[in-house]
Amino acid sequence: MATMTATAVRSSARSGGLAGQTAMITGRWLRAQYRSPALIAFTLVQPAIWLLLFGQLFKGVVKLPGFSDSSYIAFLTPGIVMMTALMSSGWAGTTFITDMERGVMDRMLTSPVRRGALMAGQLLSNATTTVIQTILVFAIGLAAGARYDGNGLGYVVTIVASMLVGTAFGSLSNAVALLTRQQEALIGIFQFVSLPLTFLSSIMMNPKLAPHWVEVGARFNPVDWATVAARQSLTANPDWSSVTRHGLYLLAFTLFVAYLSTRAFRTYQRSV
Amino acid sequence: MAPPTHARTGGGDLAIEVTDLVKTYPAARKKPPVRALDGLTFDVPAGVVLGLLGPNGAGKSTAVKILTTLSRADSGTARVAGLDVVNDQQAVRLAIGYVPQKSSSDPMATGTENLVLSGRIYGLSKSDSVRRSAELLERFGLADAADRQVRTYSGGMQRKLDVALGLVHRPTVLFLDEPTTGLDPEARADLWTEVERLSAAEGLTVLLTTHYLEEADRLAAQLAIVDHGKVVASGSPEELKAELRGDSVQVELADATSANRVHSLISELPGIGEIVVEGNVLRARVDRGATAVPAVLGVLEEQEIAVAAVTVARPTLDDVYLRYTGRTFRAAERASDAEKERAA
Ligand SMILES: Nc1ncnc2c1ncn2[C@@H]1O[C@H](COP(=O)(O)OP(=O)(O)OP(=O)(O)O)[C@@H](O)[C@H]1O
Ligand SMILES: [Mg+2]
């Protein structure tokens with residue numbers, strides 16, 4: 001017995017650090033994404049359609065009294081960036097469910113890999129998609145005539161905010177996946193949640209012009225925090241305190257749900 | 001980190017010690033919870049292949065999940081490689097390999113990518129992991145498919161890769177949950193040879209769950225028959241068979257309605273042990289098959305009962321199973337399948 005225990009104890013040091021393991025897991029998901037080009041194309045085409053469709057549909061709202069922006073496409077673009085980050089991250093959990101339906105999740109959970117690395121790796125690959133989408137939406141917006149007077153910092157803020165939205169809602173999606181273990185349940189819950197998150201916000205409309213309850217809802221909506229921070233940072237004279245405040249709310253929310261989703265592995269393990 | 005090495009332990013060491021495990025799962029609404037394990041107790045000496053044999057729903061996978069730290073028992077203790085599965089969880093994980101009942105490879109990745117990632121997760125360096133992966137792919141006859149995505153593999157190839165995934169980090173204890181279910185005979189034989197080699201040449205301890213009596217007979221040095229979450233019999237296949245004195249006689253009647261009458265007729269004959277009736281088939285334990293068969297046939301002929309077939313056999317694992325669970329292995333399978341359907 002002594003020999004065995006000694007061997008095990010010698011190797012009981014965690015294998016690799018959190019960062020190293022996260023990088024390995026990220027690599028796995030990036031490779032899988034890169035191998036499904038159809039899926040990538042879809043996640044890129046969808047925001048382009050929204051931008052052009054809504055851009056045409058609601059072009060006239062800028063003429064409403066009280067709508068301070070003069071170009072609707074310039075107003076809409078950061079909103080569509082966040083909406084895209086939200087919508088495509090909602091699918092994140094489906095990869096976990098595929099892993100659970102096979103024995104991949106169970107094999108991973110009995111290996112020395114940290115739960116944090118399993119979660120972070122998947123979220124990082126998700127965030128990579130979000131960055132690409134954000135850049136593409138901007139490119140389309142600019143091509144359609146959107147102009148921003150601020151310096152380049154606004155673009156950086158928007159990209160970071162979109163990554164946070166993607167990570168937060170990707171975490172939630174993963175958590176729901178671990179709790180429900182069902183593709184249908186995950187998709188149903190996400191559709192139920194994503195609609196209010198999109199419309200109780202300033203994504204398409206200045207909430208000051210909407211019913212009061214929309215404005216109240218938007219105040220508690222992480223997607224709106226990101227939209228406000230991005231839009232503000234893109235103006236000629238950004239109100240940096242507002243950008244910082246909304247950015248910090250968003251960061252805190254993201255860290256909170258990422259922590260919760262990592263805890264959801266325990267719930268999953270209790271049910272297997 | 002030093003790569004995990006094989007712990008070669010002297011005789012008498014236990015690689016797996018399971019004591020009184022109980023595990024219940026909450027059931028669907030208005031139903032009592034399912035008691036998947038109900039005081040499961042067994043040991044596996046180091047370097048031995050143990051077969052956990054039992055029908056659907058017996059609790060085999062549940063036991064494996066607890067031993068591999070995936071799941072946790074409600075009560076009882078389990079030690080693997082000398083380590084407690086709850087208190088020394090992380091060390092247990094480094095010491096074991098787990099091949100789940102469901103295929104455990106990533107279908108979007110190639111065979112090599114699957115293995116290399118697994119090795120890296122266990123702390124192997126990149127180059128060690130690549131070398132070890134190539135070695136395993138070669139050994140399992142997958143070298144040609146190494147750079148193909150796993151979703152293009154056949155079922156047998158995927159299962160071999162699953163076993164390879166359980167071995168990348170050179171574990172001391174390997175858990176195989178139904179490694180050959182659904183494989184064709186050839187692929188099954190390949191895997192058997194490989195498991196035999198691993199235990200003989202590398203001193204690996206293997207816990208194997210199976211539905212196949214033949215597999216248990218061939219691979220397992222020790223068997224534990226599990227039924228309703230408990231071990232109902234254990235020992236080597238030979239010991240278990242030897243405990244059943246005598247032979248087994250099976251009488252297949254042309255007509256099931258006479259089965260009960262035949263039961264009482266036969267049980268009065270000398271040298272006849274327990275008799276089990278299943279439909280139109282009677283199975284009896286007898287001291288000597290050679291004398292029992294003519295006697296049985298004589299009685300049946302006298303009473304003009306039509307017989308389809310009579311066979312006599314040395315005890316098999318199926319007889320062992322019958323003895324300890326009161327059902328033949330196949331009947332137990334059918335019963336639990338029906339139970340599952342009712343529950344669904
Ligand atoms: N995750 C779960 N949730 C609820 N019940 C479960 C769960 N896993 C297993 N059970 C129940 O526990 C019992 C034992 O199941 P287990 O999977 O351990 O059986 P098994 O011996 O591996 O069967 P099989 O040969 O079909 O794989 C069964 O009644 C099963 O329905
Ligand atoms: Mg099972």
# chains A, B, ... in the order shown; residues from 1 in each chain; ligands from 1
>>> residues_around(residues="Gln183 of chain A", least_positions_apart="5", cutoff="9 Å", atoms="only C-alpha atoms", output="list in words")
Gly93, Thr94, Ile97, Thr98, Ala177 and Gly188 of chain A
>>> write_last_selection(atoms="all heavy atoms", output="mmCIF file, in the first residue's frame")
data_model
loop_
_atom_site.group_PDB
_atom_site.id
_atom_site.type_symbol
_atom_site.label_atom_id
_atom_site.label_comp_id
_atom_site.auth_asym_id
_atom_site.auth_seq_id
_atom_site.Cartn_x
_atom_site.Cartn_y
_atom_site.Cartn_z
ATOM 1 N N GLY A 93 -23.889 26.954 -24.382
ATOM 2 C CA GLY A 93 -24.169 25.757 -23.592
ATOM 3 C C GLY A 93 -24.465 24.512 -24.407
ATOM 4 O O GLY A 93 -24.323 23.393 -23.911
ATOM 5 N N THR A 94 -24.853 24.698 -25.672
ATOM 6 C CA THR A 94 -25.164 23.503 -26.470
ATOM 7 C C THR A 94 -23.920 22.626 -26.640
ATOM 8 O O THR A 94 -24.031 21.409 -26.723
ATOM 9 C CB THR A 94 -25.712 23.869 -27.867
ATOM 10 O OG1 THR A 94 -24.732 24.638 -28.554
ATOM 11 C CG2 THR A 94 -27.000 24.664 -27.766
ATOM 12 N N ILE A 97 -23.759 20.454 -23.665
ATOM 13 C CA ILE A 97 -24.742 19.370 -23.684
ATOM 14 C C ILE A 97 -24.288 18.259 -24.629
ATOM 15 O O ILE A 97 -24.417 17.078 -24.317
ATOM 16 C CB ILE A 97 -26.138 19.912 -24.046
ATOM 17 C CG1 ILE A 97 -26.632 20.772 -22.879
ATOM 18 C CG2 ILE A 97 -27.121 18.775 -24.324
ATOM 19 C CD1 ILE A 97 -27.944 21.461 -23.082
ATOM 20 N N THR A 98 -23.708 18.643 -25.764
ATOM 21 C CA THR A 98 -23.158 17.626 -26.657
ATOM 22 C C THR A 98 -22.102 16.796 -25.923
ATOM 23 O O THR A 98 -22.052 15.573 -26.057
ATOM 24 C CB THR A 98 -22.533 18.291 -27.900
ATOM 25 O OG1 THR A 98 -23.470 19.249 -28.401
ATOM 26 C CG2 THR A 98 -22.239 17.277 -28.977
ATOM 27 N N ALA A 177 -27.113 24.775 -19.164
ATOM 28 C CA ALA A 177 -26.813 23.468 -19.766
ATOM 29 C C ALA A 177 -26.474 22.450 -18.682
ATOM 30 O O ALA A 177 -26.970 21.329 -18.688
ATOM 31 C CB ALA A 177 -25.644 23.595 -20.744
ATOM 32 N N GLY A 188 -35.083 26.807 -25.180
ATOM 33 C CA GLY A 188 -36.334 27.426 -24.746
ATOM 34 C C GLY A 188 -36.095 28.539 -23.736
ATOM 35 O O GLY A 188 -36.599 29.662 -23.897
#
>>> select_by_dssp(residues="segment 1-224 of chain B", states="strand (DSSP E)", output="short mmCIF file (atom, residue, chain, number, x, y, z; two decimals) with all heavy atoms, in the first residue's frame")
data_model
loop_
_atom_site.label_atom_id
_atom_site.label_comp_id
_atom_site.auth_asym_id
_atom_site.auth_seq_id
_atom_site.Cartn_x
_atom_site.Cartn_y
_atom_site.Cartn_z
N LEU B 14 -4.48 -3.90 -1.95
CA LEU B 14 -5.77 -3.73 -2.58
C LEU B 14 -5.77 -2.45 -3.41
O LEU B 14 -5.44 -1.38 -2.91
CB LEU B 14 -6.87 -3.66 -1.52
CG LEU B 14 -7.08 -4.95 -0.72
CD1 LEU B 14 -8.14 -4.74 0.34
CD2 LEU B 14 -7.46 -6.09 -1.65
N ALA B 15 -6.09 -2.57 -4.67
CA ALA B 15 -6.15 -1.38 -5.53
C ALA B 15 -7.50 -0.69 -5.37
O ALA B 15 -7.61 0.52 -5.54
CB ALA B 15 -5.93 -1.77 -6.98
N ILE B 16 -8.53 -1.46 -5.07
CA ILE B 16 -9.86 -0.88 -4.88
C ILE B 16 -10.49 -1.52 -3.64
O ILE B 16 -10.47 -2.75 -3.49
CB ILE B 16 -10.76 -1.14 -6.11
CG1 ILE B 16 -10.12 -0.58 -7.38
CG2 ILE B 16 -12.15 -0.54 -5.90
CD1 ILE B 16 -10.91 -0.88 -8.65
N GLU B 17 -10.96 -0.70 -2.73
CA GLU B 17 -11.67 -1.20 -1.55
C GLU B 17 -12.99 -0.45 -1.44
O GLU B 17 -13.00 0.75 -1.26
CB GLU B 17 -10.88 -0.89 -0.28
CG GLU B 17 -9.49 -1.45 -0.24
CD GLU B 17 -8.71 -0.81 0.91
OE1 GLU B 17 -9.04 -1.09 2.08
OE2 GLU B 17 -7.79 0.00 0.62
N VAL B 18 -14.05 -1.18 -1.58
CA VAL B 18 -15.38 -0.56 -1.55
C VAL B 18 -16.14 -1.11 -0.35
O VAL B 18 -16.26 -2.32 -0.20
CB VAL B 18 -16.15 -0.91 -2.84
CG1 VAL B 18 -17.56 -0.36 -2.79
CG2 VAL B 18 -15.42 -0.37 -4.06
N THR B 19 -16.60 -0.22 0.52
CA THR B 19 -17.27 -0.67 1.73
C THR B 19 -18.63 -0.02 1.87
O THR B 19 -18.73 1.20 2.04
CB THR B 19 -16.41 -0.32 2.98
OG1 THR B 19 -15.06 -0.69 2.71
CG2 THR B 19 -16.91 -1.06 4.20
N ASP B 20 -19.65 -0.84 1.74
CA ASP B 20 -21.00 -0.44 2.12
C ASP B 20 -21.51 0.82 1.42
O ASP B 20 -22.12 1.68 2.05
CB ASP B 20 -21.02 -0.18 3.64
CG ASP B 20 -22.14 -0.98 4.29
OD1 ASP B 20 -22.88 -1.64 3.54
OD2 ASP B 20 -22.28 -0.92 5.51
N LEU B 21 -21.25 0.92 0.13
CA LEU B 21 -21.70 2.12 -0.59
C LEU B 21 -23.22 2.11 -0.77
O LEU B 21 -23.80 1.10 -1.15
CB LEU B 21 -21.06 2.20 -1.97
CG LEU B 21 -19.58 2.55 -2.04
CD1 LEU B 21 -19.16 2.70 -3.50
CD2 LEU B 21 -19.28 3.84 -1.27
N VAL B 22 -23.80 3.26 -0.47
CA VAL B 22 -25.24 3.44 -0.72
C VAL B 22 -25.39 4.69 -1.56
O VAL B 22 -24.74 5.70 -1.31
CB VAL B 22 -26.02 3.61 0.60
CG1 VAL B 22 -27.48 3.95 0.33
CG2 VAL B 22 -25.91 2.35 1.45
N LYS B 23 -26.21 4.59 -2.60
CA LYS B 23 -26.47 5.77 -3.42
C LYS B 23 -27.92 5.75 -3.87
O LYS B 23 -28.40 4.77 -4.43
CB LYS B 23 -25.55 5.76 -4.66
CG LYS B 23 -25.86 6.82 -5.69
CD LYS B 23 -25.26 8.15 -5.34
CE LYS B 23 -25.56 9.20 -6.39
NZ LYS B 23 -25.07 10.53 -5.97
N THR B 24 -28.63 6.82 -3.59
CA THR B 24 -30.01 6.91 -4.08
C THR B 24 -30.12 8.08 -5.04
O THR B 24 -29.44 9.09 -4.88
CB THR B 24 -31.00 7.14 -2.93
OG1 THR B 24 -30.51 8.21 -2.13
CG2 THR B 24 -31.17 5.91 -2.07
N TYR B 25 -30.94 7.89 -6.04
CA TYR B 25 -31.24 8.98 -6.98
C TYR B 25 -32.68 9.39 -6.75
O TYR B 25 -33.55 8.53 -6.63
CB TYR B 25 -31.10 8.51 -8.42
CG TYR B 25 -29.68 8.33 -8.88
CD1 TYR B 25 -29.15 7.07 -9.08
CD2 TYR B 25 -28.88 9.44 -9.14
CE1 TYR B 25 -27.85 6.89 -9.51
CE2 TYR B 25 -27.58 9.28 -9.57
CZ TYR B 25 -27.07 8.01 -9.76
OH TYR B 25 -25.78 7.85 -10.20
N VAL B 34 -34.77 6.05 -6.28
CA VAL B 34 -34.17 4.80 -6.76
C VAL B 34 -32.93 4.51 -5.92
O VAL B 34 -32.04 5.36 -5.80
CB VAL B 34 -33.73 4.96 -8.24
CG1 VAL B 34 -33.07 3.70 -8.73
CG2 VAL B 34 -34.93 5.33 -9.10
N ARG B 35 -32.88 3.33 -5.33
CA ARG B 35 -31.70 2.95 -4.55
C ARG B 35 -30.75 2.22 -5.49
O ARG B 35 -30.83 1.00 -5.65
CB ARG B 35 -32.14 2.06 -3.39
CG ARG B 35 -31.29 2.19 -2.16
CD ARG B 35 -31.96 1.46 -1.00
NE ARG B 35 -31.07 1.29 0.13
CZ ARG B 35 -30.84 2.25 1.02
NH1 ARG B 35 -31.42 3.42 0.93
NH2 ARG B 35 -30.01 2.03 2.02
N ALA B 36 -29.86 2.97 -6.13
CA ALA B 36 -28.99 2.38 -7.15
C ALA B 36 -27.93 1.48 -6.52
O ALA B 36 -27.57 0.44 -7.07
CB ALA B 36 -28.33 3.48 -7.98
N LEU B 37 -27.39 1.90 -5.37
CA LEU B 37 -26.44 1.06 -4.63
C LEU B 37 -27.01 0.87 -3.23
O LEU B 37 -27.47 1.82 -2.60
CB LEU B 37 -25.06 1.70 -4.55
CG LEU B 37 -24.32 1.89 -5.87
CD1 LEU B 37 -22.94 2.49 -5.60
CD2 LEU B 37 -24.20 0.59 -6.63
N ASP B 38 -26.93 -0.36 -2.75
CA ASP B 38 -27.60 -0.68 -1.50
C ASP B 38 -26.66 -1.50 -0.62
O ASP B 38 -26.88 -2.67 -0.36
CB ASP B 38 -28.88 -1.46 -1.83
CG ASP B 38 -29.76 -1.65 -0.61
OD1 ASP B 38 -29.53 -0.97 0.39
OD2 ASP B 38 -30.67 -2.51 -0.69
N GLY B 39 -25.54 -0.88 -0.24
CA GLY B 39 -24.56 -1.59 0.59
C GLY B 39 -23.58 -2.39 -0.24
O GLY B 39 -23.26 -3.53 0.08
N LEU B 40 -23.08 -1.78 -1.30
CA LEU B 40 -22.13 -2.45 -2.19
C LEU B 40 -20.77 -2.57 -1.51
O LEU B 40 -20.23 -1.58 -1.02
CB LEU B 40 -21.99 -1.65 -3.49
CG LEU B 40 -21.20 -2.34 -4.60
CD1 LEU B 40 -22.07 -3.36 -5.30
CD2 LEU B 40 -20.69 -1.32 -5.61
N THR B 41 -20.24 -3.79 -1.47
CA THR B 41 -18.94 -4.02 -0.84
C THR B 41 -18.14 -5.00 -1.68
O THR B 41 -18.65 -6.05 -2.06
CB THR B 41 -19.14 -4.65 0.57
OG1 THR B 41 -19.94 -3.76 1.35
CG2 THR B 41 -17.81 -4.88 1.26
N PHE B 42 -16.91 -4.62 -2.04
CA PHE B 42 -16.00 -5.57 -2.69
C PHE B 42 -14.58 -5.01 -2.68
O PHE B 42 -14.39 -3.82 -2.41
CB PHE B 42 -16.46 -5.91 -4.11
CG PHE B 42 -16.39 -4.78 -5.10
CD1 PHE B 42 -15.23 -4.50 -5.80
CD2 PHE B 42 -17.51 -3.97 -5.33
CE1 PHE B 42 -15.18 -3.46 -6.72
CE2 PHE B 42 -17.46 -2.92 -6.23
CZ PHE B 42 -16.29 -2.67 -6.93
N ASP B 43 -13.61 -5.88 -2.95
CA ASP B 43 -12.21 -5.48 -3.01
C ASP B 43 -11.62 -5.94 -4.33
O ASP B 43 -12.06 -6.94 -4.87
CB ASP B 43 -11.40 -6.19 -1.92
CG ASP B 43 -11.71 -5.66 -0.54
OD1 ASP B 43 -12.16 -4.50 -0.45
OD2 ASP B 43 -11.51 -6.42 0.41
N VAL B 44 -10.62 -5.24 -4.79
CA VAL B 44 -9.87 -5.71 -5.96
C VAL B 44 -8.39 -5.65 -5.63
O VAL B 44 -7.86 -4.56 -5.35
CB VAL B 44 -10.13 -4.83 -7.20
CG1 VAL B 44 -9.49 -5.47 -8.42
CG2 VAL B 44 -11.61 -4.62 -7.43
N PRO B 45 -7.70 -6.79 -5.62
CA PRO B 45 -6.26 -6.76 -5.39
C PRO B 45 -5.55 -6.05 -6.54
O PRO B 45 -6.04 -6.07 -7.67
CB PRO B 45 -5.87 -8.24 -5.35
CG PRO B 45 -7.15 -9.00 -5.22
CD PRO B 45 -8.22 -8.15 -5.81
N VAL B 49 -7.78 -8.12 -12.85
CA VAL B 49 -8.95 -7.66 -13.61
C VAL B 49 -10.20 -8.15 -12.88
O VAL B 49 -10.38 -9.35 -12.72
CB VAL B 49 -8.96 -8.20 -15.05
CG1 VAL B 49 -10.19 -7.70 -15.79
CG2 VAL B 49 -7.69 -7.82 -15.78
N LEU B 50 -11.01 -7.21 -12.41
CA LEU B 50 -12.25 -7.60 -11.76
C LEU B 50 -13.41 -7.31 -12.69
O LEU B 50 -13.51 -6.21 -13.25
CB LEU B 50 -12.46 -6.83 -10.45
CG LEU B 50 -13.84 -7.12 -9.84
CD1 LEU B 50 -13.74 -8.04 -8.65
CD2 LEU B 50 -14.59 -5.87 -9.46
N GLY B 51 -14.29 -8.28 -12.83
CA GLY B 51 -15.49 -8.06 -13.64
C GLY B 51 -16.68 -7.80 -12.74
O GLY B 51 -16.95 -8.57 -11.83
N LEU B 52 -17.35 -6.68 -12.96
CA LEU B 52 -18.63 -6.43 -12.28
C LEU B 52 -19.70 -6.85 -13.26
O LEU B 52 -19.84 -6.28 -14.33
CB LEU B 52 -18.82 -4.94 -11.99
CG LEU B 52 -18.31 -4.32 -10.71
CD1 LEU B 52 -18.86 -2.92 -10.59
CD2 LEU B 52 -18.65 -5.14 -9.50
N LEU B 53 -20.46 -7.87 -12.84
CA LEU B 53 -21.43 -8.45 -13.75
C LEU B 53 -22.81 -8.22 -13.18
O LEU B 53 -23.01 -8.40 -11.98
CB LEU B 53 -21.12 -9.95 -13.81
CG LEU B 53 -21.77 -10.81 -14.85
CD1 LEU B 53 -21.36 -10.36 -16.23
CD2 LEU B 53 -21.33 -12.26 -14.63
N SER B 75 -23.56 7.21 1.48
CA SER B 75 -22.80 6.73 2.64
C SER B 75 -21.90 5.60 2.19
O SER B 75 -22.00 5.11 1.07
CB SER B 75 -23.76 6.26 3.74
OG SER B 75 -24.48 5.13 3.29
N GLY B 76 -21.01 5.18 3.09
CA GLY B 76 -20.03 4.16 2.75
C GLY B 76 -18.72 4.80 2.33
O GLY B 76 -18.65 6.01 2.15
N THR B 77 -17.69 3.97 2.18
CA THR B 77 -16.39 4.52 1.79
C THR B 77 -15.83 3.75 0.61
O THR B 77 -16.17 2.59 0.39
CB THR B 77 -15.36 4.40 2.94
OG1 THR B 77 -15.26 3.03 3.30
CG2 THR B 77 -15.74 5.25 4.13
N ALA B 78 -14.97 4.40 -0.12
CA ALA B 78 -14.29 3.72 -1.22
C ALA B 78 -12.88 4.27 -1.32
O ALA B 78 -12.66 5.47 -1.21
CB ALA B 78 -15.04 3.96 -2.53
N ARG B 79 -11.93 3.37 -1.49
CA ARG B 79 -10.53 3.77 -1.70
C ARG B 79 -10.06 3.18 -3.01
O ARG B 79 -10.34 2.03 -3.33
CB ARG B 79 -9.66 3.26 -0.55
CG ARG B 79 -10.05 3.82 0.81
CD ARG B 79 -9.19 3.25 1.92
NE ARG B 79 -7.87 3.86 1.93
CZ ARG B 79 -7.60 5.06 2.45
NH1 ARG B 79 -8.57 5.77 3.00
NH2 ARG B 79 -6.38 5.54 2.42
N VAL B 80 -9.35 4.02 -3.78
CA VAL B 80 -8.79 3.58 -5.05
C VAL B 80 -7.31 3.91 -5.02
O VAL B 80 -6.94 5.04 -4.67
CB VAL B 80 -9.48 4.29 -6.24
CG1 VAL B 80 -8.77 3.95 -7.54
CG2 VAL B 80 -10.94 3.89 -6.32
N LEU B 83 -6.24 5.53 -1.94
CA LEU B 83 -6.66 6.90 -1.67
C LEU B 83 -8.18 6.97 -1.55
O LEU B 83 -8.90 6.32 -2.30
CB LEU B 83 -6.22 7.81 -2.82
CG LEU B 83 -4.72 7.84 -3.06
CD1 LEU B 83 -4.42 8.22 -4.50
CD2 LEU B 83 -4.07 8.83 -2.10
N ASP B 84 -8.63 7.80 -0.63
CA ASP B 84 -10.07 7.94 -0.43
C ASP B 84 -10.68 8.76 -1.57
O ASP B 84 -10.18 9.84 -1.90
CB ASP B 84 -10.31 8.64 0.91
CG ASP B 84 -11.79 8.66 1.25
OD1 ASP B 84 -12.52 9.53 0.72
OD2 ASP B 84 -12.21 7.80 2.04
N ILE B 96 -6.11 7.25 -11.88
CA ILE B 96 -7.05 6.38 -12.59
C ILE B 96 -7.25 6.78 -14.05
O ILE B 96 -6.98 7.90 -14.45
CB ILE B 96 -8.45 6.40 -11.92
CG1 ILE B 96 -9.03 7.82 -11.94
CG2 ILE B 96 -8.37 5.83 -10.52
CD1 ILE B 96 -10.51 7.87 -11.63
N GLY B 97 -7.74 5.81 -14.81
CA GLY B 97 -8.25 6.09 -16.15
C GLY B 97 -9.70 5.66 -16.16
O GLY B 97 -10.06 4.67 -15.53
N TYR B 98 -10.53 6.42 -16.87
CA TYR B 98 -11.97 6.12 -16.86
C TYR B 98 -12.49 6.07 -18.29
O TYR B 98 -12.35 7.03 -19.04
CB TYR B 98 -12.69 7.22 -16.06
CG TYR B 98 -14.22 7.17 -16.09
CD1 TYR B 98 -14.92 5.98 -16.09
CD2 TYR B 98 -14.94 8.37 -16.08
CE1 TYR B 98 -16.31 5.97 -16.10
CE2 TYR B 98 -16.34 8.37 -16.08
CZ TYR B 98 -17.01 7.16 -16.10
OH TYR B 98 -18.39 7.15 -16.11
N VAL B 99 -13.05 4.95 -18.66
CA VAL B 99 -13.69 4.82 -19.96
C VAL B 99 -15.19 4.70 -19.70
O VAL B 99 -15.67 3.64 -19.31
CB VAL B 99 -13.16 3.59 -20.73
CG1 VAL B 99 -13.85 3.46 -22.07
CG2 VAL B 99 -11.66 3.71 -20.91
N VAL B 173 -4.94 2.34 -12.09
CA VAL B 173 -6.22 1.61 -12.06
C VAL B 173 -7.07 2.11 -13.23
O VAL B 173 -7.22 3.31 -13.43
CB VAL B 173 -6.98 1.87 -10.74
CG1 VAL B 173 -8.28 1.08 -10.71
CG2 VAL B 173 -6.11 1.51 -9.53
N LEU B 174 -7.60 1.16 -13.99
CA LEU B 174 -8.41 1.53 -15.16
C LEU B 174 -9.85 1.05 -14.96
O LEU B 174 -10.09 -0.09 -14.58
CB LEU B 174 -7.82 0.87 -16.41
CG LEU B 174 -8.55 1.14 -17.73
CD1 LEU B 174 -8.44 2.60 -18.13
CD2 LEU B 174 -7.99 0.24 -18.84
N PHE B 175 -10.79 1.96 -15.20
CA PHE B 175 -12.21 1.61 -15.11
C PHE B 175 -12.79 1.54 -16.51
O PHE B 175 -12.75 2.53 -17.25
CB PHE B 175 -12.96 2.67 -14.30
CG PHE B 175 -12.56 2.69 -12.85
CD1 PHE B 175 -11.50 3.47 -12.41
CD2 PHE B 175 -13.24 1.90 -11.93
CE1 PHE B 175 -11.12 3.47 -11.08
CE2 PHE B 175 -12.87 1.89 -10.60
CZ PHE B 175 -11.80 2.68 -10.17
N LEU B 176 -13.32 0.39 -16.85
CA LEU B 176 -13.91 0.20 -18.18
C LEU B 176 -15.40 -0.10 -18.00
O LEU B 176 -15.76 -1.16 -17.51
CB LEU B 176 -13.26 -0.98 -18.90
CG LEU B 176 -11.77 -0.89 -19.23
CD1 LEU B 176 -11.27 -2.23 -19.77
CD2 LEU B 176 -11.52 0.21 -20.25
N ASP B 177 -16.25 0.85 -18.37
CA ASP B 177 -17.69 0.63 -18.22
C ASP B 177 -18.25 0.11 -19.54
O ASP B 177 -18.42 0.87 -20.49
CB ASP B 177 -18.38 1.93 -17.77
CG ASP B 177 -19.75 1.66 -17.17
OD1 ASP B 177 -20.22 0.50 -17.22
OD2 ASP B 177 -20.36 2.61 -16.63
N THR B 205 -4.38 -2.58 -12.78
CA THR B 205 -5.60 -3.08 -12.17
C THR B 205 -6.77 -2.60 -13.02
O THR B 205 -6.82 -1.43 -13.37
CB THR B 205 -5.77 -2.52 -10.75
OG1 THR B 205 -4.58 -2.79 -10.01
CG2 THR B 205 -6.97 -3.12 -10.05
N VAL B 206 -7.68 -3.52 -13.34
CA VAL B 206 -8.80 -3.13 -14.21
C VAL B 206 -10.12 -3.49 -13.54
O VAL B 206 -10.28 -4.61 -13.05
CB VAL B 206 -8.72 -3.85 -15.58
CG1 VAL B 206 -9.88 -3.42 -16.48
CG2 VAL B 206 -7.39 -3.56 -16.27
N LEU B 207 -11.02 -2.54 -13.50
CA LEU B 207 -12.39 -2.85 -13.11
C LEU B 207 -13.24 -2.72 -14.36
O LEU B 207 -13.28 -1.67 -14.98
CB LEU B 207 -12.90 -1.90 -12.02
CG LEU B 207 -14.26 -2.31 -11.41
CD1 LEU B 207 -14.39 -1.72 -10.02
CD2 LEU B 207 -15.43 -1.86 -12.25
N LEU B 208 -13.88 -3.84 -14.69
CA LEU B 208 -14.59 -3.91 -15.97
C LEU B 208 -16.05 -4.24 -15.67
O LEU B 208 -16.32 -5.18 -14.93
CB LEU B 208 -13.91 -5.02 -16.76
CG LEU B 208 -14.57 -5.66 -17.94
CD1 LEU B 208 -13.86 -5.16 -19.18
CD2 LEU B 208 -14.41 -7.17 -17.87
N THR B 209 -16.97 -3.45 -16.19
CA THR B 209 -18.37 -3.87 -16.06
C THR B 209 -18.78 -4.47 -17.39
O THR B 209 -18.27 -4.06 -18.44
CB THR B 209 -19.32 -2.71 -15.74
OG1 THR B 209 -19.63 -2.02 -16.95
CG2 THR B 209 -18.73 -1.76 -14.73
N THR B 210 -19.61 -5.45 -17.34
CA THR B 210 -19.99 -6.10 -18.59
C THR B 210 -21.35 -6.76 -18.52
O THR B 210 -21.86 -7.06 -17.45
CB THR B 210 -18.92 -7.13 -19.01
OG1 THR B 210 -19.30 -7.71 -20.25
CG2 THR B 210 -18.78 -8.23 -17.97
N GLN B 222 -11.29 -12.11 -11.22
CA GLN B 222 -12.25 -12.07 -10.12
C GLN B 222 -13.57 -11.53 -10.66
O GLN B 222 -13.57 -10.64 -11.49
CB GLN B 222 -11.75 -11.11 -9.03
CG GLN B 222 -10.50 -11.57 -8.32
CD GLN B 222 -10.77 -12.77 -7.42
OE1 GLN B 222 -11.76 -12.81 -6.70
NE2 GLN B 222 -9.90 -13.76 -7.49
N LEU B 223 -14.64 -12.06 -10.12
CA LEU B 223 -15.96 -11.58 -10.53
C LEU B 223 -16.75 -11.15 -9.32
O LEU B 223 -16.62 -11.73 -8.25
CB LEU B 223 -16.75 -12.72 -11.20
CG LEU B 223 -16.42 -13.06 -12.63
CD1 LEU B 223 -17.33 -14.19 -13.08
CD2 LEU B 223 -16.63 -11.83 -13.51
N ALA B 224 -17.54 -10.12 -9.50
CA ALA B 224 -18.52 -9.78 -8.48
C ALA B 224 -19.84 -9.66 -9.22
O ALA B 224 -19.97 -8.86 -10.15
CB ALA B 224 -18.15 -8.48 -7.78
#
>>> residues_near_ligand(ligand="ligand 2", cutoff="10 Å", atoms="only C-alpha atoms and all ligand atoms", output="PyMOL selection string")
chain B and resi 54-65+100-102+177-178+209-211
